[in-house]
$ cat upload_34.txt   # compact mmCIF, C-alpha atoms and all ligand atoms
# COMPACT_ATOMS: atom_id res chain seq x y z
CA MET A 1354 22.57 -47.80 -14.35
CA ALA A 1355 21.93 -50.69 -12.03
CA THR A 1356 18.40 -51.66 -11.21
CA TYR A 1357 17.43 -52.79 -7.74
CA CYS A 1358 14.65 -55.17 -6.83
CA ALA A 1359 11.67 -53.24 -5.45
CA ILE A 1360 11.07 -56.03 -2.94
CA CYS A 1361 14.47 -57.15 -1.58
CA ASN A 1362 16.63 -54.22 -2.76
CA LYS A 1363 19.24 -56.53 -4.24
CA LYS A 1364 20.60 -55.85 -7.69
CA ALA A 1365 18.12 -57.04 -10.31
CA GLY A 1366 20.02 -58.14 -13.42
CA ILE A 1367 18.63 -57.31 -16.82
CA LEU A 1368 18.21 -61.00 -17.53
CA GLY A 1369 15.50 -62.49 -15.40
CA ARG A 1370 14.25 -59.34 -13.71
CA LYS A 1371 10.57 -58.68 -14.15
CA GLN A 1372 8.92 -55.37 -14.61
CA ILE A 1373 6.20 -54.52 -12.14
CA ARG A 1374 4.03 -51.44 -12.03
CA ASP A 1375 6.46 -49.47 -9.88
CA GLY A 1376 9.86 -50.85 -10.85
CA TYR A 1377 11.47 -54.24 -11.19
CA ILE A 1378 11.73 -57.38 -9.11
CA CYS A 1379 14.57 -59.89 -9.15
CA THR A 1380 14.27 -63.49 -10.29
CA ASP A 1381 14.11 -64.83 -6.72
CA CYS A 1382 11.30 -62.51 -5.71
CA PHE A 1383 9.49 -63.37 -8.94
CA TYR A 1384 9.64 -67.13 -8.28
CA LYS A 1385 8.41 -66.54 -4.76
CA CYS A 1386 5.20 -65.10 -6.27
CA LYS A 1387 4.43 -68.43 -7.95
CA LEU A 1388 2.74 -66.58 -10.77
CA ASP A 1389 3.89 -67.53 -14.23
CA MET A 1390 2.64 -64.42 -15.95
CA ASP A 1391 3.24 -60.83 -16.91
CA MET A 1392 3.72 -58.93 -13.66
CA SER A 1393 3.52 -55.39 -14.95
CA CYS A 1394 0.01 -54.86 -13.55
CA PHE A 1395 1.15 -55.57 -9.98
CA SER A 1396 2.56 -53.06 -7.53
CA VAL A 1397 5.04 -53.70 -4.71
CA ASN A 1398 2.08 -53.85 -2.34
CA ASP A 1399 0.27 -56.38 -4.52
CA ILE A 1400 3.36 -58.59 -4.43
CA LYS A 1401 3.76 -58.30 -0.68
CA ASP A 1402 0.07 -59.20 -0.33
CA ARG A 1403 0.69 -62.14 -2.61
CA TYR A 1404 3.47 -63.42 -0.31
CA ARG A 1405 1.13 -63.04 2.63
CA TYR A 1406 -1.60 -64.92 0.75
CA ILE A 1407 0.79 -67.78 -0.04
CA GLU A 1408 1.91 -67.89 3.59
CA GLU A 1409 -1.62 -67.83 4.99
CA ASN A 1410 -2.76 -70.61 2.67
CA ARG A 1411 0.29 -72.81 3.00
CA GLU A 1412 -1.36 -75.09 5.54
CA PRO A 1413 -4.86 -75.33 4.01
CA PHE A 1414 -3.37 -75.93 0.56
CA LYS A 1415 -0.90 -78.45 1.89
CA ASN A 1416 -3.74 -80.38 3.49
CA PHE A 1417 -5.49 -80.78 0.15
CA ILE A 1418 -6.76 -84.35 -0.08
CA PRO A 1419 -8.35 -85.08 -3.43
CA THR A 1420 -11.73 -86.77 -3.27
CA ILE A 1421 -12.06 -86.46 -7.06
CA LYS A 1422 -9.21 -86.94 -9.54
CA ILE A 1423 -9.75 -86.69 -13.26
CA ALA A 1424 -6.82 -87.92 -15.33
CA ARG A 1425 -3.87 -85.68 -14.48
CA LEU A 1426 -5.95 -82.65 -15.25
CA PHE A 1427 -8.18 -81.78 -12.36
CA GLU A 1428 -8.35 -82.53 -8.63
CA VAL A 1429 -11.02 -81.61 -6.14
CA ASP A 1430 -11.10 -81.73 -2.38
CA GLU A 1431 -14.81 -81.67 -1.64
CA ASN A 1432 -14.29 -81.43 2.11
CA SER A 1433 -12.20 -78.29 2.08
CA LYS A 1434 -13.97 -76.99 -1.05
CA LEU A 1435 -10.76 -76.54 -3.00
CA PHE A 1436 -9.62 -77.56 -6.46
CA ARG A 1437 -6.40 -77.56 -8.43
CA THR A 1438 -5.23 -78.74 -11.83
CA ARG A 1439 -2.59 -81.14 -10.52
CA LYS A 1440 -0.53 -82.00 -7.51
CA GLY A 1441 1.60 -79.06 -6.46
CA ALA A 1442 -0.40 -76.53 -8.47
CA GLU A 1443 -2.04 -73.62 -6.71
CA CYS A 1444 -5.36 -74.44 -5.07
CA PHE A 1445 -8.46 -72.36 -5.55
CA LYS A 1446 -11.66 -72.17 -3.59
CA PHE A 1447 -14.97 -73.26 -5.07
CA SER A 1448 -16.18 -69.75 -4.34
CA ASP A 1449 -13.42 -68.32 -6.58
CA ILE A 1450 -15.11 -69.71 -9.69
CA VAL A 1451 -17.02 -67.18 -11.77
CA ASN A 1452 -17.72 -69.38 -14.77
CA PHE A 1453 -16.12 -71.87 -17.11
CA GLU A 1454 -15.97 -72.48 -20.82
CA LEU A 1455 -14.85 -75.28 -23.07
CA TYR A 1456 -13.01 -74.09 -26.15
CA GLU A 1457 -12.59 -76.18 -29.28
CA ASP A 1458 -10.36 -74.68 -31.96
CA GLY A 1459 -11.06 -71.19 -30.68
CA ASP A 1460 -14.82 -71.48 -30.26
CA ALA A 1461 -16.53 -71.64 -26.90
CA VAL A 1462 -18.70 -74.74 -27.23
CA ILE A 1463 -19.78 -75.09 -23.63
CA LYS A 1464 -20.43 -72.35 -21.14
CA GLY A 1465 -21.42 -72.89 -17.60
CA GLY A 1466 -21.56 -71.52 -14.11
CA MET A 1467 -22.31 -67.97 -15.10
CA GLY A 1468 -24.96 -65.64 -13.84
CA LYS A 1469 -26.64 -64.99 -10.58
CA ALA A 1470 -28.57 -67.45 -8.53
CA VAL A 1471 -32.08 -68.19 -9.62
CA THR A 1472 -34.62 -69.38 -7.11
CA GLY A 1473 -37.21 -71.99 -7.81
CA GLY A 1474 -35.17 -74.02 -10.26
CA LEU A 1475 -34.07 -73.16 -13.75
CA LEU A 1476 -36.09 -73.54 -16.86
CA LEU A 1477 -34.94 -76.51 -18.92
CA GLY A 1478 -33.02 -77.99 -16.03
CA GLY A 1479 -30.19 -75.55 -15.47
CA VAL A 1480 -26.74 -75.15 -16.89
CA GLY A 1481 -26.83 -78.44 -18.76
CA ALA A 1482 -29.43 -76.88 -21.01
CA ILE A 1483 -27.06 -74.08 -21.97
CA VAL A 1484 -24.42 -76.63 -22.76
CA GLY A 1485 -26.77 -78.64 -24.95
CA GLY A 1486 -28.11 -75.51 -26.58
CA VAL A 1487 -24.73 -74.14 -27.49
CA THR A 1488 -23.20 -77.44 -28.54
CA GLY A 1489 -26.19 -78.41 -30.62
CA LYS A 1490 -25.94 -75.29 -32.72
CA ARG A 1491 -22.59 -75.85 -34.30
CA LYS A 1492 -21.41 -78.10 -37.04
CA GLN A 1493 -18.64 -80.34 -35.81
CA LYS A 1494 -15.42 -80.72 -37.73
CA SER A 1495 -13.99 -84.22 -37.87
CA VAL A 1496 -10.61 -83.11 -36.51
CA VAL A 1497 -9.83 -81.10 -33.38
CA SER A 1498 -6.40 -79.57 -32.86
CA ASN A 1499 -6.94 -77.44 -29.78
CA MET A 1500 -9.21 -77.97 -26.84
CA TYR A 1501 -9.12 -76.52 -23.35
CA ILE A 1502 -11.33 -75.57 -20.44
CA ARG A 1503 -10.97 -72.06 -19.13
CA ILE A 1504 -12.14 -71.38 -15.62
CA SER A 1505 -12.60 -67.69 -14.87
CA LEU A 1506 -11.89 -66.76 -11.31
CA ASN A 1507 -12.78 -63.98 -8.96
CA HIS A 1508 -9.30 -63.97 -7.48
CA ARG A 1509 -6.88 -61.15 -6.85
CA TRP A 1510 -3.92 -62.58 -8.75
CA VAL A 1511 -5.19 -65.30 -11.00
CA LYS A 1512 -7.98 -64.25 -13.34
CA ASN A 1513 -8.36 -67.56 -15.09
CA ILE A 1514 -6.87 -70.99 -15.31
CA ARG A 1515 -6.66 -73.19 -18.32
CA ILE A 1516 -6.92 -76.95 -18.44
CA ASN A 1517 -5.26 -78.00 -21.68
CA LEU A 1518 -6.92 -81.07 -23.15
CA ILE A 1519 -5.79 -81.25 -26.77
CA GLN A 1520 -2.80 -79.50 -28.30
CA THR A 1521 -2.29 -81.65 -31.35
CA GLN A 1522 -4.56 -82.78 -34.18
CA LEU A 1523 -6.93 -85.55 -33.13
CA LYS A 1524 -9.66 -87.26 -35.09
CA ARG A 1525 -12.99 -86.98 -33.37
CA SER A 1526 -13.67 -90.60 -34.20
CA GLY A 1527 -10.37 -91.79 -32.73
CA PHE A 1528 -9.68 -93.50 -29.45
CA LEU A 1529 -7.52 -90.68 -28.04
CA TYR A 1530 -10.13 -88.03 -28.65
CA LYS A 1531 -12.77 -90.17 -26.99
CA GLU A 1532 -10.56 -90.65 -23.95
CA VAL A 1533 -9.88 -86.93 -23.68
CA LYS A 1534 -13.55 -86.14 -24.20
CA LYS A 1535 -14.47 -88.48 -21.39
CA SER A 1536 -12.16 -86.63 -18.99
CA CYS A 1537 -13.42 -83.34 -20.32
CA ASP A 1538 -17.06 -84.27 -19.74
CA ASN A 1539 -16.20 -85.38 -16.23
CA ILE A 1540 -14.46 -82.11 -15.43
CA ILE A 1541 -17.34 -80.08 -16.85
CA SER A 1542 -19.87 -82.05 -14.85
CA VAL A 1543 -17.85 -81.57 -11.65
CA LEU A 1544 -17.58 -77.84 -12.37
CA GLU A 1545 -21.32 -77.67 -12.94
CA THR A 1546 -22.01 -79.42 -9.69
CA ILE A 1547 -19.65 -77.06 -7.84
CA THR A 1548 -21.10 -73.89 -9.35
CA ASN A 1549 -24.68 -75.08 -8.90
CA LYS A 1550 -23.97 -75.81 -5.27
CA GLN A 1551 -22.26 -72.45 -4.80
CA ARG A 1552 -25.31 -70.77 -6.29
CA GLY A 1553 -27.57 -72.72 -4.00
CA GLU A 1554 -25.58 -71.47 -1.04
CA GLU A 1555 -25.76 -67.90 -2.29
CA VAL A 1556 -29.52 -68.19 -2.45
CA ALA A 1557 -29.62 -69.52 1.06
CA VAL A 1558 -27.60 -66.54 2.26
CA THR A 1559 -29.26 -63.77 0.30
CA GLY A 1560 -32.77 -65.14 0.54
CA THR A 1561 -34.72 -64.26 -2.57
CA VAL A 1562 -33.48 -62.99 -5.89
CA SER A 1563 -35.36 -60.12 -7.48
CA VAL A 1564 -37.69 -60.69 -10.41
CA ALA A 1565 -35.51 -58.35 -12.49
CA ASP A 1566 -32.46 -60.54 -11.78
CA GLU A 1567 -34.38 -63.60 -12.81
CA ILE A 1568 -35.54 -62.04 -16.06
CA LEU A 1569 -31.98 -60.96 -16.77
CA LYS A 1570 -30.83 -64.52 -16.27
CA PHE A 1571 -33.32 -65.77 -18.82
CA LYS A 1572 -32.34 -62.96 -21.17
CA GLU A 1573 -28.78 -64.30 -21.01
CA LEU A 1574 -30.05 -67.76 -21.87
CA LEU A 1575 -32.00 -66.29 -24.78
CA ASP A 1576 -28.99 -64.34 -26.06
CA MET A 1577 -26.79 -67.39 -26.06
CA GLY A 1578 -29.45 -69.40 -27.88
CA ALA A 1579 -30.20 -71.83 -25.08
CA ILE A 1580 -33.89 -70.94 -25.02
CA THR A 1581 -36.24 -69.64 -27.71
CA GLN A 1582 -37.93 -66.23 -27.80
CA ASP A 1583 -41.22 -68.01 -27.04
CA GLU A 1584 -39.81 -69.69 -23.97
CA PHE A 1585 -38.32 -66.41 -22.82
CA ASP A 1586 -41.58 -64.49 -23.27
CA LYS A 1587 -43.50 -67.19 -21.41
CA LYS A 1588 -41.04 -67.21 -18.49
CA LYS A 1589 -40.96 -63.41 -18.33
CA LYS A 1590 -44.75 -63.22 -18.20
CA GLN A 1591 -44.77 -65.87 -15.50
CA LEU A 1592 -42.19 -63.98 -13.40
CA LEU A 1593 -43.95 -60.64 -13.72
CA GLU A 1594 -47.25 -62.16 -12.66
CA GLN A 1595 -45.84 -63.72 -9.49
ZN ZN B 1 14.24 -59.42 -4.98
$ encode --input "upload_34.txt" --output "structure tokens" --more "lines below"
Ligand SMILES: [Zn+2]
Amino acid sequence: MATYCAICNKKAGILGRKQIRDGYICTDCFYKCKLDMDMSCFSVNDIKDRYRYIEENREPFKNFIPTIKIARLFEVDENSKLFRTRKGAECFKFSDIVNFELYEDGDAVIKGGMGKAVTGGLLLGGVGAIVGGVTGKRKQKSVVSNMYIRISLNHRWVKNIRINLIQTQLKRSGFLYKEVKKSCDNIISVLETITNKQRGEEVAVTGTVSVADEILKFKELLDMGAITQDEFDKKKKQLLEQ
């Protein structure tokens, strides 16, 4: 029995057709989505919306002018508040970022950008503290064979993007690792700046953040080991007494 593409109604050959939630789409319609992933969670409507999204953003994305370029891994257009991994890759808005993590051989060694806005400045100087706290806790192996940054997005079609940094064994003491690490640190610091700024804007829009939200934020920091129980108790007391 022949299968027809749920989008264009042309015959969708067994080779190359992709399953979607309510049928199949042909290779052409799949490529038009510009999503290199399993499509089975998307419906015909999702895909039509995706085409519309691509169409609507063609101009803004085409006008992407990088003000920051880090190796061939990460590009940012600060003026239009967009970023992408490389030329020609899909652009995302700063406001799409939920959080980001650096993975080394399967372990998240840096986490940043998570949580709700906190007014009045963060204890221990913000996200950098989490980074230091988490990194400081683990013993480092002398060789790394896999390293990437994962940026989680609040985006209808793309839930996260990965910036692959290391995919082959590298000595931590070697020149190559140090070069990659330099780029990695730069990307992380740009991501921190972006998410901090986004949070700042959220605060400006929403006004104040509730005491409960603030305590929750510090509880997160406590749970991930970035602050001690003592520091948490002190901050909590302080917040409740405000
Ligand atoms: Zn089709």
$ atom_distance --input "upload_34.txt" --atom1 "atom CA of Lys1590 of chain A" --atom2 "atom CA of Ile1568 of chain A"
9.5 Å
$ closest_residue --input "upload_34.txt" --among "A:Arg1403, A:Arg1374, A:His1508, A:Lys1494" --to "Lys1446 of chain A" --atoms "only C-alpha atoms"
A:His1508
$ residues_near_ligand --input "upload_34.txt" --ligand "ligand ZN 1 (chain B)" --cutoff "12 Å" --atoms "only C-alpha atoms and all ligand atoms" --output "VMD selection string"
chain A and resid 1356 to 1366 1369 to 1373 1376 to 1386 1397 1400 to 1401
$ atom_distance --input "upload_34.txt" --atom1 "atom CA of Phe1453 of chain A" --atom2 "atom CA of Leu1544 of chain A"
7.8 Å
$ closest_residue --input "upload_34.txt" --among "A:Val1564, A:Val1451, A:Val1497, A:Ile1514" --to "Met1390 of chain A" --atoms "all atoms listed in the file"
A:Ile1514
$ residues_around --input "upload_34.txt" --residues "Arg1437 of chain A" --least-positions-apart "6" --cutoff "9 Å" --atoms "only C-alpha atoms" --output "list in words"
Leu1426, Phe1427, Glu1428, Val1429, Asp1430, Glu1443, Cys1444, Phe1445 and Lys1446 of chain A
$ residues_around --input "upload_34.txt" --residues "Glu1545 of chain A" --least-positions-apart "2" --cutoff "8 Å" --atoms "only C-alpha atoms" --output "list in words"
Gly1465, Gly1466, Val1480, Ile1541, Ser1542, Val1543, Ile1547, Thr1548 and Asn1549 of chain A
$ write_last_selection --input "upload_34.txt" --atoms "C-alpha atoms" --output "mmCIF file, in the coordinates of the input"
data_model
loop_
_atom_site.group_PDB
_atom_site.id
_atom_site.type_symbol
_atom_site.label_atom_id
_atom_site.label_comp_id
_atom_site.auth_asym_id
_atom_site.auth_seq_id
_atom_site.Cartn_x
_atom_site.Cartn_y
_atom_site.Cartn_z
ATOM 1 C CA GLY A 1465 -21.420 -72.890 -17.600
ATOM 2 C CA GLY A 1466 -21.560 -71.520 -14.110
ATOM 3 C CA VAL A 1480 -26.740 -75.150 -16.890
ATOM 4 C CA ILE A 1541 -17.340 -80.080 -16.850
ATOM 5 C CA SER A 1542 -19.870 -82.050 -14.850
ATOM 6 C CA VAL A 1543 -17.850 -81.570 -11.650
ATOM 7 C CA ILE A 1547 -19.650 -77.060 -7.840
ATOM 8 C CA THR A 1548 -21.100 -73.890 -9.350
ATOM 9 C CA ASN A 1549 -24.680 -75.080 -8.900
#
$ atom_distance --input "upload_34.txt" --atom1 "atom CA of Leu1368 of chain A" --atom2 "atom CA of Arg1405 of chain A"
26.5 Å
$ residues_around --input "upload_34.txt" --residues "Asn1452 of chain A" --least-positions-apart "2" --cutoff "10 Å" --atoms "all atoms listed in the file" --output "mmCIF file with C-alpha atoms, in the coordinates of the input"
data_model
loop_
_atom_site.group_PDB
_atom_site.id
_atom_site.type_symbol
_atom_site.label_atom_id
_atom_site.label_comp_id
_atom_site.auth_asym_id
_atom_site.auth_seq_id
_atom_site.Cartn_x
_atom_site.Cartn_y
_atom_site.Cartn_z
ATOM 1 C CA ASP A 1449 -13.420 -68.320 -6.580
ATOM 2 C CA ILE A 1450 -15.110 -69.710 -9.690
ATOM 3 C CA GLU A 1454 -15.970 -72.480 -20.820
ATOM 4 C CA LYS A 1464 -20.430 -72.350 -21.140
ATOM 5 C CA GLY A 1465 -21.420 -72.890 -17.600
ATOM 6 C CA GLY A 1466 -21.560 -71.520 -14.110
ATOM 7 C CA MET A 1467 -22.310 -67.970 -15.100
ATOM 8 C CA GLY A 1468 -24.960 -65.640 -13.840
ATOM 9 C CA ARG A 1503 -10.970 -72.060 -19.130
ATOM 10 C CA ILE A 1504 -12.140 -71.380 -15.620
ATOM 11 C CA SER A 1505 -12.600 -67.690 -14.870
ATOM 12 C CA LEU A 1506 -11.890 -66.760 -11.310
ATOM 13 C CA ASN A 1507 -12.780 -63.980 -8.960
ATOM 14 C CA ASN A 1513 -8.360 -67.560 -15.090
ATOM 15 C CA LEU A 1544 -17.580 -77.840 -12.370
ATOM 16 C CA GLU A 1545 -21.320 -77.670 -12.940
ATOM 17 C CA THR A 1548 -21.100 -73.890 -9.350
#
$ residues_around --input "upload_34.txt" --residues "Ala1424 of chain A" --least-positions-apart "3" --cutoff "12 Å" --atoms "only C-alpha atoms" --output "ChimeraX atom specification"
/A:1421,1427-1429,1438-1440,1516-1518,1532-1540
$ closest_residue --input "upload_34.txt" --among "A:Tyr1404, A:Trp1510, A:Glu1431, A:Pro1419" --to "Met1392 of chain A" --atoms "all atoms listed in the file"
A:Trp1510
$ closest_residue --input "upload_34.txt" --among "A:Gln1493, A:Gln1591, A:Gln1582, A:Asn1432" --to "Glu1567 of chain A" --atoms "only C-alpha atoms"
A:Gln1591
